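Here's protein.txt, which has compact mmCIF, C-alpha atoms:
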```txt
# COMPACT_ATOMS: atom_id res chain seq x y z
CA MET A 137 159.30 127.38 98.22
CA GLU A 138 162.06 128.67 95.93
CA ASP A 139 159.96 127.70 92.96
CA PHE A 140 156.95 129.59 94.35
CA ARG A 141 159.07 132.64 95.03
CA SER A 142 160.41 132.77 91.48
CA ARG A 143 156.97 132.23 89.97
CA VAL A 144 155.65 135.12 92.08
CA GLU A 145 158.61 137.28 91.12
CA ALA A 146 157.99 136.57 87.42
CA GLU A 147 154.62 138.32 87.73
CA ARG A 148 156.18 141.55 89.04
CA PRO A 149 156.31 143.36 85.65
CA TYR A 150 152.66 142.59 84.96
CA LEU A 151 151.67 143.75 88.46
CA LEU A 152 153.69 146.96 88.13
CA ARG A 153 151.93 147.86 84.90
CA TYR A 154 148.60 147.08 86.52
CA ALA A 155 149.28 149.25 89.58
CA GLY A 156 150.84 152.01 87.47
CA ARG A 157 147.72 152.36 85.34
CA GLN A 158 145.58 152.77 88.41
CA LEU A 159 147.84 154.88 90.63
CA ARG A 160 149.72 156.90 88.01
CA ASP A 161 152.68 157.25 90.29
CA ARG A 162 155.67 154.97 89.85
CA HIS A 163 156.68 155.01 93.51
CA ALA A 164 153.16 154.42 94.77
CA ALA A 165 152.83 151.57 92.25
CA GLU A 166 156.13 150.00 93.33
CA ASP A 167 155.14 150.24 96.99
CA ALA A 168 151.75 148.62 96.36
CA VAL A 169 153.34 145.79 94.35
CA GLN A 170 156.02 145.24 96.97
CA GLU A 171 153.40 145.01 99.73
CA ALA A 172 151.34 142.62 97.62
CA LEU A 173 154.31 140.37 96.84
CA LEU A 174 155.35 140.23 100.50
CA ALA A 175 151.80 139.37 101.51
CA ALA A 176 151.70 136.70 98.78
CA LEU A 177 154.96 135.08 99.87
CA ALA A 178 153.81 135.08 103.49
CA GLY A 179 150.52 133.54 102.42
CA GLU A 180 151.74 130.81 100.09
CA ALA A 181 149.54 128.28 101.88
CA ALA A 182 146.47 130.31 100.91
CA PHE A 183 147.36 129.85 97.25
CA ALA A 184 147.61 126.08 97.48
CA GLY A 185 145.15 124.46 95.16
CA ARG A 186 144.25 127.59 93.22
CA SER A 187 144.90 127.34 89.53
CA ASN A 188 145.90 130.83 88.47
CA LEU A 189 148.76 132.58 90.22
CA ARG A 190 148.32 135.86 88.33
CA THR A 191 144.64 136.12 89.25
CA TRP A 192 145.43 135.40 92.88
CA LEU A 193 148.24 137.98 92.99
CA THR A 194 146.08 140.56 91.23
CA GLY A 195 143.41 140.04 93.89
CA ILE A 196 145.93 140.80 96.63
CA LEU A 197 147.30 143.79 94.69
CA LYS A 198 143.81 145.26 94.29
CA HIS A 199 143.51 145.59 98.05
CA LYS A 200 146.89 147.33 98.25
CA ILE A 201 145.86 149.69 95.43
CA ILE A 202 142.62 150.54 97.22
CA ASP A 203 144.62 151.30 100.39
CA ALA A 204 146.92 153.58 98.39
CA ILE A 205 143.97 155.39 96.78
CA ARG A 206 142.43 155.94 100.23
CA ARG A 207 145.68 157.28 101.61
CA ALA A 208 146.14 159.61 98.66
CA SER A 209 142.60 160.99 98.70
CA ARG A 210 142.85 161.60 102.45
CA GLU A 211 146.10 163.50 102.01
CA ALA A 212 145.14 165.52 98.96
CA PRO A 213 141.55 165.37 97.74
CA ALA A 214 142.37 165.63 94.06
CA SER A 215 140.50 167.60 91.49
CA ASP A 216 140.78 167.65 87.74
CA PRO A 217 140.80 171.27 86.72
CA ASP A 218 141.57 170.14 83.18
CA ALA A 219 138.54 167.86 82.94
CA SER A 220 136.61 169.75 80.33
CA ASP A 221 133.06 168.85 79.45
CA PRO A 222 133.15 166.73 76.27
CA ASP A 223 129.45 167.23 75.59
CA SER A 224 129.90 170.70 74.18
CA ALA A 225 132.22 169.29 71.50
CA LEU A 226 130.22 166.12 70.86
CA PHE A 227 126.69 167.53 70.66
CA ASP A 228 125.02 170.58 69.17
CA GLU A 229 122.60 172.76 71.12
CA SER A 230 119.65 170.46 70.48
CA GLY A 231 121.63 167.47 71.74
CA HIS A 232 122.34 165.87 68.36
CA TRP A 233 125.75 164.42 67.49
CA VAL A 234 127.98 166.92 65.74
CA GLU A 235 129.62 163.91 64.16
CA PRO A 236 127.60 160.73 64.74
CA PRO A 237 129.80 157.75 65.70
CA SER A 238 130.41 155.54 62.70
CA ALA A 239 130.72 151.78 63.00
CA TRP A 240 134.15 150.32 63.74
CA PRO A 241 134.93 147.57 61.28
CA ASP A 242 135.43 144.22 63.06
CA PRO A 243 136.54 145.68 66.41
CA ASP A 244 136.92 142.24 67.99
CA ALA A 245 139.80 141.50 65.62
CA SER A 246 141.65 144.31 67.44
CA LEU A 247 141.37 142.35 70.67
CA GLU A 248 143.81 139.84 69.16
CA GLN A 249 146.49 142.47 68.49
CA SER A 250 148.99 143.57 71.13
CA GLN A 251 149.43 146.94 69.33
CA PHE A 252 145.78 147.66 70.02
CA PHE A 253 146.37 147.34 73.76
CA ALA A 254 149.40 149.61 73.55
CA ALA A 255 147.15 152.20 71.88
CA LEU A 256 144.49 151.68 74.55
CA GLU A 257 147.04 152.22 77.32
CA ARG A 258 148.23 155.44 75.67
CA CYS A 259 144.61 156.60 75.51
CA LEU A 260 144.17 155.79 79.22
CA GLU A 261 147.29 157.78 80.06
CA ARG A 262 145.82 160.84 78.36
CA LEU A 263 142.77 160.91 80.61
CA PRO A 264 142.82 163.41 83.48
CA ALA A 265 143.99 161.65 86.66
CA LYS A 266 140.74 161.58 88.58
CA THR A 267 138.72 160.60 85.55
CA ALA A 268 141.04 157.68 84.86
CA GLN A 269 141.02 156.65 88.49
CA ALA A 270 137.23 156.60 88.73
CA PHE A 271 137.05 154.63 85.48
CA LEU A 272 139.58 151.98 86.49
CA MET A 273 138.09 151.71 89.98
CA ARG A 274 134.91 150.76 88.20
CA GLU A 275 136.32 148.54 85.45
CA HIS A 276 139.33 146.93 87.11
CA LEU A 277 138.66 147.07 90.83
CA GLY A 278 134.96 146.32 90.40
CA PHE A 279 133.72 149.16 92.62
CA GLU A 280 130.07 150.16 92.56
CA THR A 281 129.68 153.83 91.66
CA GLY A 282 128.42 154.72 95.14
CA ASP A 283 131.71 153.51 96.59
CA ILE A 284 133.78 155.33 93.96
CA CYS A 285 132.11 158.62 94.94
CA LYS A 286 132.82 157.93 98.58
CA GLU A 287 136.48 157.06 98.05
CA LEU A 288 137.14 159.99 95.73
CA GLY A 289 135.02 162.43 97.72
CA VAL A 290 132.77 163.49 94.85
CA THR A 291 128.99 163.67 94.51
CA PRO A 292 127.14 160.72 92.92
CA THR A 293 126.17 162.83 89.91
CA HIS A 294 129.77 163.83 89.36
CA CYS A 295 130.71 160.19 89.59
CA TRP A 296 128.42 159.21 86.67
CA VAL A 297 129.84 162.13 84.76
CA LEU A 298 133.45 161.06 85.38
CA LEU A 299 132.72 157.54 84.10
CA TYR A 300 130.91 158.92 81.08
CA ARG A 301 133.76 161.31 80.29
CA ALA A 302 136.31 158.53 80.56
CA ARG A 303 134.38 156.34 78.15
CA ALA A 304 133.61 159.14 75.71
CA ALA A 305 137.25 160.26 75.68
CA LEU A 306 138.56 156.72 75.20
CA ARG A 307 136.13 156.21 72.34
CA GLU A 308 137.33 159.39 70.65
CA CYS A 309 140.95 158.49 71.23
CA LEU A 310 140.58 154.97 69.80
CA GLN A 311 138.58 156.34 66.89
CA THR A 312 141.38 158.74 66.00
CA ASN A 313 144.43 156.67 66.88
CA TRP A 314 143.36 153.16 66.04
CA PHE A 315 140.21 152.65 64.01
CA GLN A 316 140.89 155.43 61.54
CA LYS A 317 144.32 154.15 60.65
CA MET B 45 110.98 163.94 77.86
CA ILE B 46 109.45 161.28 75.62
CA PHE B 47 112.01 161.65 72.85
CA PRO B 48 115.46 161.80 74.42
CA SER B 49 118.30 163.51 72.59
CA CYS B 50 121.47 161.71 71.48
CA LYS B 51 123.23 163.50 74.31
CA GLU B 52 120.88 162.09 76.92
CA VAL B 53 121.00 158.66 75.30
CA SER B 54 124.79 158.55 75.35
CA HIS B 55 124.74 159.29 79.09
CA LEU B 56 122.10 156.60 79.65
CA VAL B 57 124.17 154.09 77.67
CA SER B 58 127.16 154.79 79.89
CA GLN B 59 125.10 154.62 83.10
CA GLY B 60 123.56 151.37 81.89
CA LEU B 61 127.04 149.86 82.33
CA ASP B 62 127.08 150.92 85.99
CA ARG B 63 123.55 150.60 87.28
CA GLU B 64 120.20 149.07 86.49
CA LEU B 65 118.25 151.56 84.41
CA GLY B 66 114.62 152.27 85.32
CA LEU B 67 111.78 151.05 83.12
CA GLY B 68 111.14 154.51 81.68
CA GLU B 69 114.82 154.95 80.89
CA ARG B 70 115.02 151.58 79.19
CA LEU B 71 111.96 152.32 77.05
CA ARG B 72 113.24 155.71 75.94
CA LEU B 73 116.64 154.22 75.22
CA ARG B 74 115.18 151.42 73.14
CA ALA B 75 112.91 153.76 71.19
CA HIS B 76 115.80 156.08 70.40
CA LEU B 77 118.24 153.33 69.46
CA ALA B 78 115.72 151.88 67.04
CA ILE B 79 115.93 155.00 64.92
CA CYS B 80 119.45 156.33 65.58
CA ASN B 81 122.44 154.77 63.91
CA GLY B 82 124.99 157.00 65.63
CA CYS B 83 123.77 156.07 69.12
CA ARG B 84 123.64 152.36 68.19
CA ASN B 85 127.28 152.59 67.15
CA PHE B 86 128.10 154.48 70.35
CA LYS B 87 126.44 151.75 72.45
CA ARG B 88 128.31 148.95 70.63
CA GLN B 89 131.56 150.84 71.11
CA MET B 90 130.91 151.28 74.85
CA GLU B 91 130.34 147.54 75.15
CA PHE B 92 133.47 146.87 73.13
CA LEU B 93 135.43 149.22 75.39
CA ARG B 94 134.39 147.19 78.43
CA ARG B 95 135.59 143.96 76.78
CA ALA B 96 138.85 145.62 75.76
CA ILE B 97 139.53 146.99 79.26
CA SER B 98 138.76 143.61 80.76
CA LYS B 99 141.25 141.92 78.40
CA LEU B 100 143.82 144.62 79.17
CA GLU B 101 143.42 143.72 82.82
CA SER B 102 144.12 140.05 82.20
CA GLY B 103 147.40 140.92 80.46
CA ASN B 104 146.80 138.05 78.00
CA PHE B 105 147.31 139.67 74.63
```

Represent the structure of the file as structure tokens.
Amino acid sequence: MEDFRSRVEAERPYLLRYAGRQLRDRHAAEDAVQEALLAALAGEAAFAGRSNLRTWLTGILKHKIIDAIRRASREAPASDPDASDPDSALFDESGHWVEPPSAWPDPDASLEQSQFFAALERCLERLPAKTAQAFLMREHLGFETGDICKELGVTPTHCWVLLYRARAALRECLQTNWFQK
Amino acid sequence: MIFPSCKEVSHLVSQGLDRELGLGERLRLRAHLAICNGCRNFKRQMEFLRRAISKLESGNF
């Protein structure tokens, strides 16, 4: 039991970073992690036989994050007034690239470098809150877009646009801050 | 439109990561990608981004 508790506790920093990326609020992230850890300790028996503690804990945390997102969007349906349309900067009037994306040399080598992930996290932090939330709901929480729209209270079309904007902005950010270096 | 613009293609590439594209969309995408280097790079980078975000999630780096 003590051993299980300390192994769970050792995952706290990872879980805090995970929740912080998604919720963008330190207190909300700490609350979600605390709830997840309590649920995990109470449910040790459910872990028995599973191989990966981090994966199991992350699964519990995801539910707590979703609860927190629901609470927050009920209390204050957020909007991103600063979410500008990237298309006007990326494309000319006929829809051609102003500056066509050039190939990134050996991008998969970056996936072996911890500095790359630090740069990626900084790029994520620069996204407008709702854009980042929609994107990570899709990529980390595995939501279908229909459910993202519902949770965030936006139209389906706007939902596609949010995901597109997140990806386009991250691409630009990595291009400038990582691949051009 | 038979010949989609790069702008439309970049949106389709992104949506292709979130939903099954229709036959017409897939055909227009393929036809455009065959002749457009910039959009091919964009598509590869979108796929790379998904791998990168997935590895970020695992925390193993």

**Study point:** chain B contacts on chain A, only C-alpha atoms, 7 Å, as an MDAnalysis selection string
**Key:** chainID A and resid 227 231:233 236:239 247:250 253 276 281 296 300 303

Dump of C-alpha atoms for the selected residues, as an mmCIF file, in the frame of the given file:
```
data_model
loop_
_atom_site.group_PDB
_atom_site.id
_atom_site.type_symbol
_atom_site.label_atom_id
_atom_site.label_comp_id
_atom_site.auth_asym_id
_atom_site.auth_seq_id
_atom_site.Cartn_x
_atom_site.Cartn_y
_atom_site.Cartn_z
ATOM 1 C CA PHE A 227 126.690 167.530 70.660
ATOM 2 C CA GLY A 231 121.630 167.470 71.740
ATOM 3 C CA HIS A 232 122.340 165.870 68.360
ATOM 4 C CA TRP A 233 125.750 164.420 67.490
ATOM 5 C CA PRO A 236 127.600 160.730 64.740
ATOM 6 C CA PRO A 237 129.800 157.750 65.700
ATOM 7 C CA SER A 238 130.410 155.540 62.700
ATOM 8 C CA ALA A 239 130.720 151.780 63.000
ATOM 9 C CA LEU A 247 141.370 142.350 70.670
ATOM 10 C CA GLU A 248 143.810 139.840 69.160
ATOM 11 C CA GLN A 249 146.490 142.470 68.490
ATOM 12 C CA SER A 250 148.990 143.570 71.130
ATOM 13 C CA PHE A 253 146.370 147.340 73.760
ATOM 14 C CA HIS A 276 139.330 146.930 87.110
ATOM 15 C CA THR A 281 129.680 153.830 91.660
ATOM 16 C CA TRP A 296 128.420 159.210 86.670
ATOM 17 C CA TYR A 300 130.910 158.920 81.080
ATOM 18 C CA ARG A 303 134.380 156.340 78.150
#
```

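Each of A:Ala268, A:Ala305, A:Leu151, A:Leu288 was checked against Ala168 of chain A using only C-alpha atoms; the smallest atom-to-atom distance is that of A:Leu151.
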
Point to revise | Exercise: Phe183 of chain A partners within 12 Å, all atoms listed in the file, chain neighbours under 5 positions left out, as a count of residues only | key: 14

Exercise for review: Take atom CA of Gln311 of chain A and atom CA of Gly60 of chain B and report the distance between them in Å, one decimal.
Suggested key: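 Straight-line distance from atom CA of Gln311 of chain A to atom CA of Gly60 of chain B works out to 21.8 Å.
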
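Atom CA of Phe271 of chain A lies 7.4 Å from atom CA of Leu298 of chain A.
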
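Between atom CA of Leu310 of chain A and atom CA of Pro264 of chain A lies a distance of 16.2 Å.
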
Practice item. Within 7 Å of Arg72 of chain B, counting all atoms listed in the file, which residues show up once you throw out same-chain ones fewer than 4 positions away? Write them as a list in words, please. Key: Ile46, Phe47, Pro48, Gly68 and His76 of chain B

If I only have part of segment 57-91 of chain B, can you fill in N, CA and C atoms and write it as a PDB file, keeping the file's coordinate frame?
```pdb
ATOM      1  N   VAL B  57     123.417 155.280  78.085  1.00  0.00           N
ATOM      2  CA  VAL B  57     124.170 154.090  77.670  1.00  0.00           C
ATOM      3  C   VAL B  57     125.323 153.847  78.628  1.00  0.00           C
ATOM      4  N   SER B  58     126.031 154.925  78.968  1.00  0.00           N
ATOM      5  CA  SER B  58     127.160 154.790  79.890  1.00  0.00           C
ATOM      6  C   SER B  58     126.663 154.352  81.273  1.00  0.00           C
ATOM      7  N   GLN B  59     125.602 154.989  81.768  1.00  0.00           N
ATOM      8  CA  GLN B  59     125.100 154.620  83.100  1.00  0.00           C
ATOM      9  C   GLN B  59     124.552 153.206  83.134  1.00  0.00           C
ATOM     10  N   GLY B  60     124.063 152.737  81.967  1.00  0.00           N
ATOM     11  CA  GLY B  60     123.560 151.370  81.890  1.00  0.00           C
ATOM     12  C   GLY B  60     124.658 150.337  82.158  1.00  0.00           C
ATOM     13  N   LEU B  61     125.921 150.753  82.024  1.00  0.00           N
ATOM     14  CA  LEU B  61     127.040 149.860  82.330  1.00  0.00           C
ATOM     15  C   LEU B  61     127.345 149.850  83.833  1.00  0.00           C
ATOM     16  N   ASP B  62     126.728 150.775  84.570  1.00  0.00           N
ATOM     17  CA  ASP B  62     127.080 150.920  85.990  1.00  0.00           C
ATOM     18  C   ASP B  62     125.906 150.702  86.925  1.00  0.00           C
ATOM     19  N   ARG B  63     124.709 150.789  86.413  1.00  0.00           N
ATOM     20  CA  ARG B  63     123.550 150.600  87.280  1.00  0.00           C
ATOM     21  C   ARG B  63     122.391 150.071  86.445  1.00  0.00           C
ATOM     22  N   GLU B  64     121.409 149.530  87.152  1.00  0.00           N
ATOM     23  CA  GLU B  64     120.200 149.070  86.490  1.00  0.00           C
ATOM     24  C   GLU B  64     119.363 150.275  86.111  1.00  0.00           C
ATOM     25  N   LEU B  65     119.071 150.424  84.817  1.00  0.00           N
ATOM     26  CA  LEU B  65     118.250 151.560  84.410  1.00  0.00           C
ATOM     27  C   LEU B  65     116.792 151.299  84.771  1.00  0.00           C
ATOM     28  N   GLY B  66     116.054 152.394  85.021  1.00  0.00           N
ATOM     29  CA  GLY B  66     114.620 152.270  85.320  1.00  0.00           C
ATOM     30  C   GLY B  66     113.840 151.896  84.061  1.00  0.00           C
ATOM     31  N   LEU B  67     112.606 151.485  84.253  1.00  0.00           N
ATOM     32  CA  LEU B  67     111.780 151.050  83.120  1.00  0.00           C
ATOM     33  C   LEU B  67     111.625 152.178  82.098  1.00  0.00           C
ATOM     34  N   GLY B  68     111.320 153.374  82.585  1.00  0.00           N
ATOM     35  CA  GLY B  68     111.140 154.510  81.680  1.00  0.00           C
ATOM     36  C   GLY B  68     112.408 154.790  80.884  1.00  0.00           C
ATOM     37  N   GLU B  69     113.530 154.705  81.566  1.00  0.00           N
ATOM     38  CA  GLU B  69     114.820 154.950  80.890  1.00  0.00           C
ATOM     39  C   GLU B  69     115.071 153.894  79.819  1.00  0.00           C
ATOM     40  N   ARG B  70     114.768 152.663  80.153  1.00  0.00           N
ATOM     41  CA  ARG B  70     115.020 151.580  79.190  1.00  0.00           C
ATOM     42  C   ARG B  70     114.134 151.751  77.950  1.00  0.00           C
ATOM     43  N   LEU B  71     112.887 152.157  78.175  1.00  0.00           N
ATOM     44  CA  LEU B  71     111.960 152.320  77.050  1.00  0.00           C
ATOM     45  C   LEU B  71     112.408 153.451  76.141  1.00  0.00           C
ATOM     46  N   ARG B  72     112.806 154.564  76.763  1.00  0.00           N
ATOM     47  CA  ARG B  72     113.240 155.710  75.940  1.00  0.00           C
ATOM     48  C   ARG B  72     114.497 155.372  75.180  1.00  0.00           C
ATOM     49  N   LEU B  73     115.395 154.638  75.848  1.00  0.00           N
ATOM     50  CA  LEU B  73     116.640 154.220  75.220  1.00  0.00           C
ATOM     51  C   LEU B  73     116.340 153.347  73.999  1.00  0.00           C
ATOM     52  N   ARG B  74     115.469 152.367  74.212  1.00  0.00           N
ATOM     53  CA  ARG B  74     115.180 151.420  73.140  1.00  0.00           C
ATOM     54  C   ARG B  74     114.534 152.138  71.950  1.00  0.00           C
ATOM     55  N   ALA B  75     113.594 153.046  72.266  1.00  0.00           N
ATOM     56  CA  ALA B  75     112.910 153.760  71.190  1.00  0.00           C
ATOM     57  C   ALA B  75     113.895 154.610  70.387  1.00  0.00           C
ATOM     58  N   HIS B  76     114.822 155.236  71.095  1.00  0.00           N
ATOM     59  CA  HIS B  76     115.800 156.080  70.400  1.00  0.00           C
ATOM     60  C   HIS B  76     116.771 155.238  69.572  1.00  0.00           C
ATOM     61  N   LEU B  77     117.259 154.163  70.164  1.00  0.00           N
ATOM     62  CA  LEU B  77     118.240 153.330  69.460  1.00  0.00           C
ATOM     63  C   LEU B  77     117.661 152.728  68.181  1.00  0.00           C
ATOM     64  N   ALA B  78     116.346 152.478  68.216  1.00  0.00           N
ATOM     65  CA  ALA B  78     115.720 151.880  67.040  1.00  0.00           C
ATOM     66  C   ALA B  78     115.829 152.782  65.819  1.00  0.00           C
ATOM     67  N   ILE B  79     115.927 154.086  66.066  1.00  0.00           N
ATOM     68  CA  ILE B  79     115.930 155.000  64.920  1.00  0.00           C
ATOM     69  C   ILE B  79     117.259 155.739  64.755  1.00  0.00           C
ATOM     70  N   CYS B  80     118.232 155.518  65.627  1.00  0.00           N
ATOM     71  CA  CYS B  80     119.450 156.330  65.580  1.00  0.00           C
ATOM     72  C   CYS B  80     120.702 155.480  65.433  1.00  0.00           C
ATOM     73  N   ASN B  81     121.243 155.545  64.227  1.00  0.00           N
ATOM     74  CA  ASN B  81     122.440 154.770  63.910  1.00  0.00           C
ATOM     75  C   ASN B  81     123.651 155.172  64.748  1.00  0.00           C
ATOM     76  N   GLY B  82     123.829 156.496  64.896  1.00  0.00           N
ATOM     77  CA  GLY B  82     124.990 157.000  65.630  1.00  0.00           C
ATOM     78  C   GLY B  82     125.002 156.495  67.067  1.00  0.00           C
ATOM     79  N   CYS B  83     123.838 156.519  67.715  1.00  0.00           N
ATOM     80  CA  CYS B  83     123.770 156.070  69.120  1.00  0.00           C
ATOM     81  C   CYS B  83     123.911 154.551  69.213  1.00  0.00           C
ATOM     82  N   ARG B  84     123.415 153.823  68.186  1.00  0.00           N
ATOM     83  CA  ARG B  84     123.640 152.360  68.190  1.00  0.00           C
ATOM     84  C   ARG B  84     125.136 152.070  68.122  1.00  0.00           C
ATOM     85  N   ASN B  85     125.834 152.791  67.244  1.00  0.00           N
ATOM     86  CA  ASN B  85     127.280 152.590  67.150  1.00  0.00           C
ATOM     87  C   ASN B  85     127.971 152.949  68.466  1.00  0.00           C
ATOM     88  N   PHE B  86     127.521 154.057  69.075  1.00  0.00           N
ATOM     89  CA  PHE B  86     128.100 154.480  70.350  1.00  0.00           C
ATOM     90  C   PHE B  86     127.923 153.368  71.400  1.00  0.00           C
ATOM     91  N   LYS B  87     126.721 152.791  71.455  1.00  0.00           N
ATOM     92  CA  LYS B  87     126.440 151.750  72.450  1.00  0.00           C
ATOM     93  C   LYS B  87     127.336 150.522  72.200  1.00  0.00           C
ATOM     94  N   ARG B  88     127.437 150.099  70.946  1.00  0.00           N
ATOM     95  CA  ARG B  88     128.310 148.950  70.630  1.00  0.00           C
ATOM     96  C   ARG B  88     129.755 149.244  71.033  1.00  0.00           C
ATOM     97  N   GLN B  89     130.179 150.492  70.805  1.00  0.00           N
ATOM     98  CA  GLN B  89     131.560 150.840  71.110  1.00  0.00           C
ATOM     99  C   GLN B  89     131.806 150.894  72.618  1.00  0.00           C
ATOM    100  N   MET B  90     130.789 151.303  73.377  1.00  0.00           N
ATOM    101  CA  MET B  90     130.910 151.280  74.850  1.00  0.00           C
ATOM    102  C   MET B  90     131.039 149.848  75.343  1.00  0.00           C
ATOM    103  N   GLU B  91     130.263 148.945  74.733  1.00  0.00           N
ATOM    104  CA  GLU B  91     130.340 147.540  75.150  1.00  0.00           C
ATOM    105  C   GLU B  91     131.677 146.930  74.753  1.00  0.00           C
TER     106      GLU B  91
END
```
